[in-house]
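Undergrad: One structure, as structure tokens, below. Some questions next.
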Amino acid sequence: MVADKTGKIVLFMIYFCVSLFDHTLGFNCPKSMNLLMSQPYLSSTQCRFPTQIDLYRKFHDYCWSKLVEMYDDIDDNLPHELRSNSSPVKGSPETTVVAKLRSASRFPLSDSSTSVLRLARSVFLETQTAQEDPLITPMTIHVLNFVLFPDPSVALLDEHKKIEGYVGLPIFGADIVSLPGNKHLVALDFQPVIPLDRDGAHFLPERYSHIASKLQSIHSRYQRSNNGMAPCLPWGGDIPSQAKRFFSPYALWSRLTDDDAINTVNTSVWSAFQDYFDLYLELMRAVQKDVLLQEKTTSATDMIVKTNHARDGQIDYLAYRRLNDPARPMLQRLYGESWTERVIAEVLFPDLL
């Protein structure tokens, strides 16, 4: 019973990191927060299961190191007071739930004045010991969310020098979550900002169809049955209709609950995470190459397009999430109202436009 209630606490944590999955996970009732937050976690000395350490740090470090390699310089634009926070775990005073945040909005390139990438942000939560080491047991919280926002103002010309329109690049979203009770959630996707059921909408422009093909292949590798064998990352369950617009056809969404779940996270999930992230950076490089060519041959006035569905999609997404984040009660209880509101408004769902 304790494990079940503690698991519900972590469902709020998932929404804290990326609120796309609130309906999918099927729990968003803030009224229950006081009851749920009263349940203690188990420390390593209280738990009969073996302790795992350092579960998601390599995922976090991999993304930031790749970005540093790709760009000449990356800023860290968060105020010092928003970069981290901690809260003691009820019933286990030697442990704390630590939040570490990072955000960058400047990605300079030596050969281009316009970066296709506009924002990278990560939220990394882990339960730590008094020595600040990660403590991973079946009763502790560990979350990694990494999101890349592309610039919605990127517009491209076709071979006849006519404006194709704004590209509407998808958002990269990665969530890997460990829940009490040996439950793990995995969500990796190129999240569309333009509804795919809109007339004329495409997941990616035709010139980047090779990226879409690679993504389809990667998705199939991990989430499709092969020669009668079950997929290594089984589908996590149906997505409600109201949330489907935020998922691409190649979303990798899985729940892991078996005895080998930790090993699966460290092998198959780790591999899939790298594949999705590397392919997204390949997409960024391909678009960046086209943007650079246009900057050398096209004037700024030639690129004016009146209707920008990509920008409108990002505005709607951010505004909705900023106002309707059901994680508020829990975050306020853990870290206080003032810090929580600033994180929601300035880090998780900032006003980018």
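By convention in this document, the chains of the structure tokens carry letters A, B, ... by their order, each chain's residues are numbered from 1, and ligands are numbered from 1 in the order they are shown.
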Can you list every residue of stretch 47-157 of chain A that has an atom at most 12 Å from stretch 168-192 of chain A, with its nearest atom pair and the distance in Å to one decimal, using only C-alpha atoms, ordered by chain then number, as a Markdown table?
TA:
```
| residue | atom | partner | partner_atom | distance |
| --- | --- | --- | --- | --- |
| A:Cys47 | CA | A:Gly181 | CA | 11.3 |
| A:Phe49 | CA | A:Asn182 | CA | 10.0 |
| A:Pro50 | CA | A:Asn182 | CA | 11.5 |
| A:Thr51 | CA | A:Asn182 | CA | 11.7 |
| A:Gln52 | CA | A:Asn182 | CA | 11.4 |
| A:Leu55 | CA | A:Ser178 | CA | 9.1 |
| A:Tyr56 | CA | A:Ile176 | CA | 8.0 |
| A:Arg57 | CA | A:Ile176 | CA | 11.2 |
| A:Phe59 | CA | A:Ile176 | CA | 9.2 |
| A:His60 | CA | A:Ala174 | CA | 10.3 |
| A:Cys63 | CA | A:Ala174 | CA | 10.4 |
| A:Val116 | CA | A:Leu169 | CA | 9.3 |
| A:Leu117 | CA | A:Leu169 | CA | 9.9 |
| A:Arg118 | CA | A:Ile171 | CA | 10.7 |
| A:Leu119 | CA | A:Ile171 | CA | 10.0 |
| A:Ala120 | CA | A:Phe172 | CA | 9.4 |
| A:Arg121 | CA | A:Gly173 | CA | 10.1 |
| A:Ser122 | CA | A:Ala174 | CA | 9.5 |
| A:Val123 | CA | A:Asp175 | CA | 9.6 |
| A:Phe124 | CA | A:Ile176 | CA | 10.0 |
| A:Leu125 | CA | A:Val177 | CA | 9.4 |
| A:Glu126 | CA | A:Ser178 | CA | 9.5 |
| A:Thr127 | CA | A:Ser178 | CA | 10.8 |
| A:Leu135 | CA | A:Ser178 | CA | 11.7 |
| A:Ile136 | CA | A:Ser178 | CA | 8.8 |
| A:Thr137 | CA | A:Pro180 | CA | 7.7 |
| A:Pro138 | CA | A:Pro180 | CA | 4.7 |
| A:Met139 | CA | A:Pro180 | CA | 4.1 |
| A:Thr140 | CA | A:Pro180 | CA | 5.7 |
| A:Ile141 | CA | A:Leu179 | CA | 6.1 |
| A:His142 | CA | A:Ser178 | CA | 5.2 |
| A:Val143 | CA | A:Val177 | CA | 4.5 |
| A:Leu144 | CA | A:Ile176 | CA | 5.3 |
| A:Asn145 | CA | A:Asp175 | CA | 4.6 |
| A:Phe146 | CA | A:Ala174 | CA | 5.2 |
| A:Val147 | CA | A:Gly173 | CA | 4.7 |
| A:Leu148 | CA | A:Phe172 | CA | 5.0 |
| A:Phe149 | CA | A:Ile171 | CA | 5.2 |
| A:Pro150 | CA | A:Leu169 | CA | 6.4 |
| A:Asp151 | CA | A:Leu169 | CA | 7.9 |
| A:Pro152 | CA | A:Gly168 | CA | 5.9 |
| A:Ser153 | CA | A:Gly168 | CA | 8.2 |
| A:Val154 | CA | A:Gly168 | CA | 7.7 |
| A:Ala155 | CA | A:Gly168 | CA | 8.6 |
| A:Leu156 | CA | A:Gly168 | CA | 10.6 |
```
Undergrad: Just the residues within 12 Å of A:Ile194, please, counting only C-alpha atoms, with nothing from its chain fewer than 6 positions along; format it as a list in words.
TA: Pro152, Tyr166, Val167, Gly168, Leu169, Pro170, Ile171, Gly200, Ala201, His202, Phe203, Leu204, Lys244, Arg245, Phe246, Phe247, Ser248, Asn308, His309, Ala310, Arg311, Asp312, Gly313, Gln314, Ile315, Asp316 and Tyr317 of chain A
Undergrad: Next, dump the selected residues to file, keeping only N, CA and C atoms, as a JSON list (two decimals), in the first residue's frame.
TA:
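Produced file again_10.json, reproduced below:
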```json
[["chain", "number", "residue", "atom", "x", "y", "z"],
["A", 152, "PRO", "N", 11.13, 28.27, -33.76],
["A", 152, "PRO", "CA", 9.96, 28.15, -34.64],
["A", 152, "PRO", "C", 9.97, 29.13, -35.81],
["A", 166, "TYR", "N", 7.38, 28.05, -42.65],
["A", 166, "TYR", "CA", 8.13, 27.71, -41.45],
["A", 166, "TYR", "C", 8.21, 26.20, -41.30],
["A", 167, "VAL", "N", 9.37, 25.74, -40.87],
["A", 167, "VAL", "CA", 9.64, 24.30, -40.85],
["A", 167, "VAL", "C", 8.77, 23.58, -39.83],
["A", 168, "GLY", "N", 8.56, 24.18, -38.67],
["A", 168, "GLY", "CA", 7.77, 23.50, -37.63],
["A", 168, "GLY", "C", 8.46, 22.27, -37.10],
["A", 169, "LEU", "N", 9.72, 22.41, -36.73],
["A", 169, "LEU", "CA", 10.48, 21.28, -36.22],
["A", 169, "LEU", "C", 9.90, 20.77, -34.91],
["A", 170, "PRO", "N", 9.94, 19.47, -34.68],
["A", 170, "PRO", "CA", 9.42, 18.92, -33.43],
["A", 170, "PRO", "C", 10.33, 19.24, -32.26],
["A", 171, "ILE", "N", 9.78, 19.14, -31.07],
["A", 171, "ILE", "CA", 10.53, 19.30, -29.82],
["A", 171, "ILE", "C", 11.09, 17.93, -29.43],
["A", 200, "GLY", "N", -2.31, 19.45, -44.73],
["A", 200, "GLY", "CA", -0.99, 19.74, -45.26],
["A", 200, "GLY", "C", 0.14, 19.56, -44.26],
["A", 201, "ALA", "N", -0.17, 19.16, -43.03],
["A", 201, "ALA", "CA", 0.86, 19.01, -42.01],
["A", 201, "ALA", "C", 1.65, 17.73, -42.24],
["A", 202, "HIS", "N", 2.95, 17.82, -41.99],
["A", 202, "HIS", "CA", 3.84, 16.66, -42.11],
["A", 202, "HIS", "C", 4.69, 16.57, -40.85],
["A", 203, "PHE", "N", 5.06, 15.36, -40.48],
["A", 203, "PHE", "CA", 5.90, 15.19, -39.31],
["A", 203, "PHE", "C", 7.21, 15.95, -39.50],
["A", 204, "LEU", "N", 7.82, 15.81, -40.68],
["A", 204, "LEU", "CA", 9.01, 16.57, -41.06],
["A", 204, "LEU", "C", 8.88, 16.96, -42.53],
["A", 244, "LYS", "N", -2.94, 13.02, -27.62],
["A", 244, "LYS", "CA", -2.30, 12.44, -28.80],
["A", 244, "LYS", "C", -1.61, 13.46, -29.69],
["A", 245, "ARG", "N", -2.11, 14.70, -29.72],
["A", 245, "ARG", "CA", -1.52, 15.70, -30.61],
["A", 245, "ARG", "C", -0.07, 16.00, -30.24],
["A", 246, "PHE", "N", 0.33, 15.67, -28.98],
["A", 246, "PHE", "CA", 1.68, 15.95, -28.53],
["A", 246, "PHE", "C", 2.63, 14.78, -28.75],
["A", 247, "PHE", "N", 2.15, 13.71, -29.38],
["A", 247, "PHE", "CA", 2.99, 12.53, -29.62],
["A", 247, "PHE", "C", 3.14, 12.31, -31.11],
["A", 248, "SER", "N", 4.34, 11.94, -31.52],
["A", 248, "SER", "CA", 4.57, 11.59, -32.91],
["A", 248, "SER", "C", 4.24, 10.11, -33.13],
["A", 308, "ASN", "N", 2.63, 31.61, -39.03],
["A", 308, "ASN", "CA", 3.64, 30.75, -38.43],
["A", 308, "ASN", "C", 2.95, 29.80, -37.45],
["A", 309, "HIS", "N", 2.54, 28.65, -37.94],
["A", 309, "HIS", "CA", 1.86, 27.67, -37.10],
["A", 309, "HIS", "C", 2.81, 27.06, -36.07],
["A", 310, "ALA", "N", 4.10, 27.01, -36.40],
["A", 310, "ALA", "CA", 5.07, 26.46, -35.45],
["A", 310, "ALA", "C", 5.18, 27.36, -34.22],
["A", 311, "ARG", "N", 5.27, 28.65, -34.45],
["A", 311, "ARG", "CA", 5.33, 29.59, -33.32],
["A", 311, "ARG", "C", 4.04, 29.53, -32.51],
["A", 312, "ASP", "N", 2.91, 29.54, -33.20],
["A", 312, "ASP", "CA", 1.62, 29.48, -32.50],
["A", 312, "ASP", "C", 1.51, 28.21, -31.67],
["A", 313, "GLY", "N", 2.01, 27.10, -32.22],
["A", 313, "GLY", "CA", 1.95, 25.83, -31.50],
["A", 313, "GLY", "C", 2.78, 25.86, -30.23],
["A", 314, "GLN", "N", 3.99, 26.45, -30.30],
["A", 314, "GLN", "CA", 4.81, 26.54, -29.10],
["A", 314, "GLN", "C", 4.20, 27.48, -28.07],
["A", 315, "ILE", "N", 3.62, 28.60, -28.52],
["A", 315, "ILE", "CA", 2.97, 29.53, -27.60],
["A", 315, "ILE", "C", 1.81, 28.85, -26.88],
["A", 316, "ASP", "N", 0.97, 28.15, -27.63],
["A", 316, "ASP", "CA", -0.18, 27.47, -27.02],
["A", 316, "ASP", "C", 0.27, 26.40, -26.03],
["A", 317, "TYR", "N", 1.27, 25.63, -26.43],
["A", 317, "TYR", "CA", 1.77, 24.55, -25.58],
["A", 317, "TYR", "C", 2.30, 25.10, -24.26]]
```
Undergrad: When you draw a straight line from atom CA of A:Arg83 to atom CA of A:Arg106, how long is it in Å?
TA: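 Computing it gives 17.2 Å between the two atoms.
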Undergrad: Smallest atom-to-atom distance to A:Asn85: which of A:Met229, A:Asp259, A:Leu331, A:Asp278, using only C-alpha atoms?
TA: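 Between A:Met229, A:Asp259, A:Leu331, A:Asp278, the residue approaching A:Asn85 most closely is A:Leu331.
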Undergrad: Enumerate the residues of stretch 249-313 of chain A with a DSSP assignment of strand (DSSP E), computed from the backbone, and present them as an mmCIF file with all heavy atoms, in the first residue's frame.
TA:
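The file below, part-v2.cif, is the result:
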```cif
data_model
loop_
_atom_site.group_PDB
_atom_site.id
_atom_site.type_symbol
_atom_site.label_atom_id
_atom_site.label_comp_id
_atom_site.auth_asym_id
_atom_site.auth_seq_id
_atom_site.Cartn_x
_atom_site.Cartn_y
_atom_site.Cartn_z
ATOM 1 N N LEU A 252 8.426 6.553 -28.289
ATOM 2 C CA LEU A 252 8.797 5.340 -27.571
ATOM 3 C C LEU A 252 8.319 5.525 -26.131
ATOM 4 O O LEU A 252 8.851 6.338 -25.383
ATOM 5 C CB LEU A 252 10.314 5.124 -27.629
ATOM 6 C CG LEU A 252 10.828 3.729 -27.271
ATOM 7 C CD1 LEU A 252 12.226 3.523 -27.837
ATOM 8 C CD2 LEU A 252 10.849 3.497 -25.769
ATOM 9 N N TRP A 253 7.297 4.778 -25.777
ATOM 10 C CA TRP A 253 6.624 4.932 -24.477
ATOM 11 C C TRP A 253 6.493 3.553 -23.854
ATOM 12 O O TRP A 253 5.865 2.671 -24.407
ATOM 13 C CB TRP A 253 5.277 5.609 -24.699
ATOM 14 C CG TRP A 253 4.239 5.437 -23.642
ATOM 15 C CD1 TRP A 253 2.971 4.968 -23.831
ATOM 16 C CD2 TRP A 253 4.332 5.745 -22.245
ATOM 17 N NE1 TRP A 253 2.268 4.965 -22.650
ATOM 18 C CE2 TRP A 253 3.104 5.442 -21.651
ATOM 19 C CE3 TRP A 253 5.365 6.247 -21.431
ATOM 20 C CZ2 TRP A 253 2.855 5.616 -20.295
ATOM 21 C CZ3 TRP A 253 5.117 6.418 -20.069
ATOM 22 C CH2 TRP A 253 3.867 6.111 -19.527
ATOM 23 N N SER A 254 7.121 3.364 -22.703
ATOM 24 C CA SER A 254 7.176 2.028 -22.125
ATOM 25 C C SER A 254 7.124 2.083 -20.605
ATOM 26 O O SER A 254 7.545 3.070 -19.985
ATOM 27 C CB SER A 254 8.459 1.313 -22.562
ATOM 28 O OG SER A 254 8.475 -0.028 -22.151
ATOM 29 N N ARG A 255 6.582 1.014 -20.004
ATOM 30 C CA ARG A 255 6.592 0.807 -18.564
ATOM 31 C C ARG A 255 7.349 -0.491 -18.278
ATOM 32 O O ARG A 255 7.063 -1.517 -18.886
ATOM 33 C CB ARG A 255 5.170 0.682 -18.015
ATOM 34 C CG ARG A 255 4.268 1.885 -18.220
ATOM 35 C CD ARG A 255 2.847 1.539 -17.807
ATOM 36 N NE ARG A 255 1.905 2.594 -18.108
ATOM 37 C CZ ARG A 255 1.375 3.421 -17.211
ATOM 38 N NH1 ARG A 255 1.722 3.295 -15.951
ATOM 39 N NH2 ARG A 255 0.516 4.343 -17.569
ATOM 40 N N LEU A 256 8.268 -0.438 -17.344
ATOM 41 C CA LEU A 256 9.061 -1.608 -16.984
ATOM 42 C C LEU A 256 8.822 -1.928 -15.517
ATOM 43 O O LEU A 256 9.013 -1.069 -14.648
ATOM 44 C CB LEU A 256 10.553 -1.341 -17.221
ATOM 45 C CG LEU A 256 10.945 -0.895 -18.633
ATOM 46 C CD1 LEU A 256 12.417 -0.492 -18.673
ATOM 47 C CD2 LEU A 256 10.661 -1.989 -19.649
#
```
Undergrad: Output as a PyMOL selection string all residues of stretch 219-295 of chain A that backbone DSSP marks as helix (DSSP H, G or I).
TA: chain A and resi 219-223+241-246+261-295
Undergrad: Just the residues within 6 Å of A:Asn77, please, counting only C-alpha atoms, with nothing from its chain fewer than 2 positions along; format it as a list in words.
TA: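 What passes the distance filter is Asp75, Ser103 and Ala104 of chain A.
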Undergrad: Between atom CA of A:Glu132 and atom CA of A:Glu94, what is the distance, to one decimal in Å?
TA: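 About the pair atom CA of A:Glu132 and atom CA of A:Glu94: they are 10.1 Å apart.
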Undergrad: Could you give me, as a ChimeraX atom specification, the residues within 8 Å of A:Val347, counting only C-alpha atoms and dropping anything in the same chain fewer than 2 positions from it?
TA: /A:78,103,121,342-345,349-350
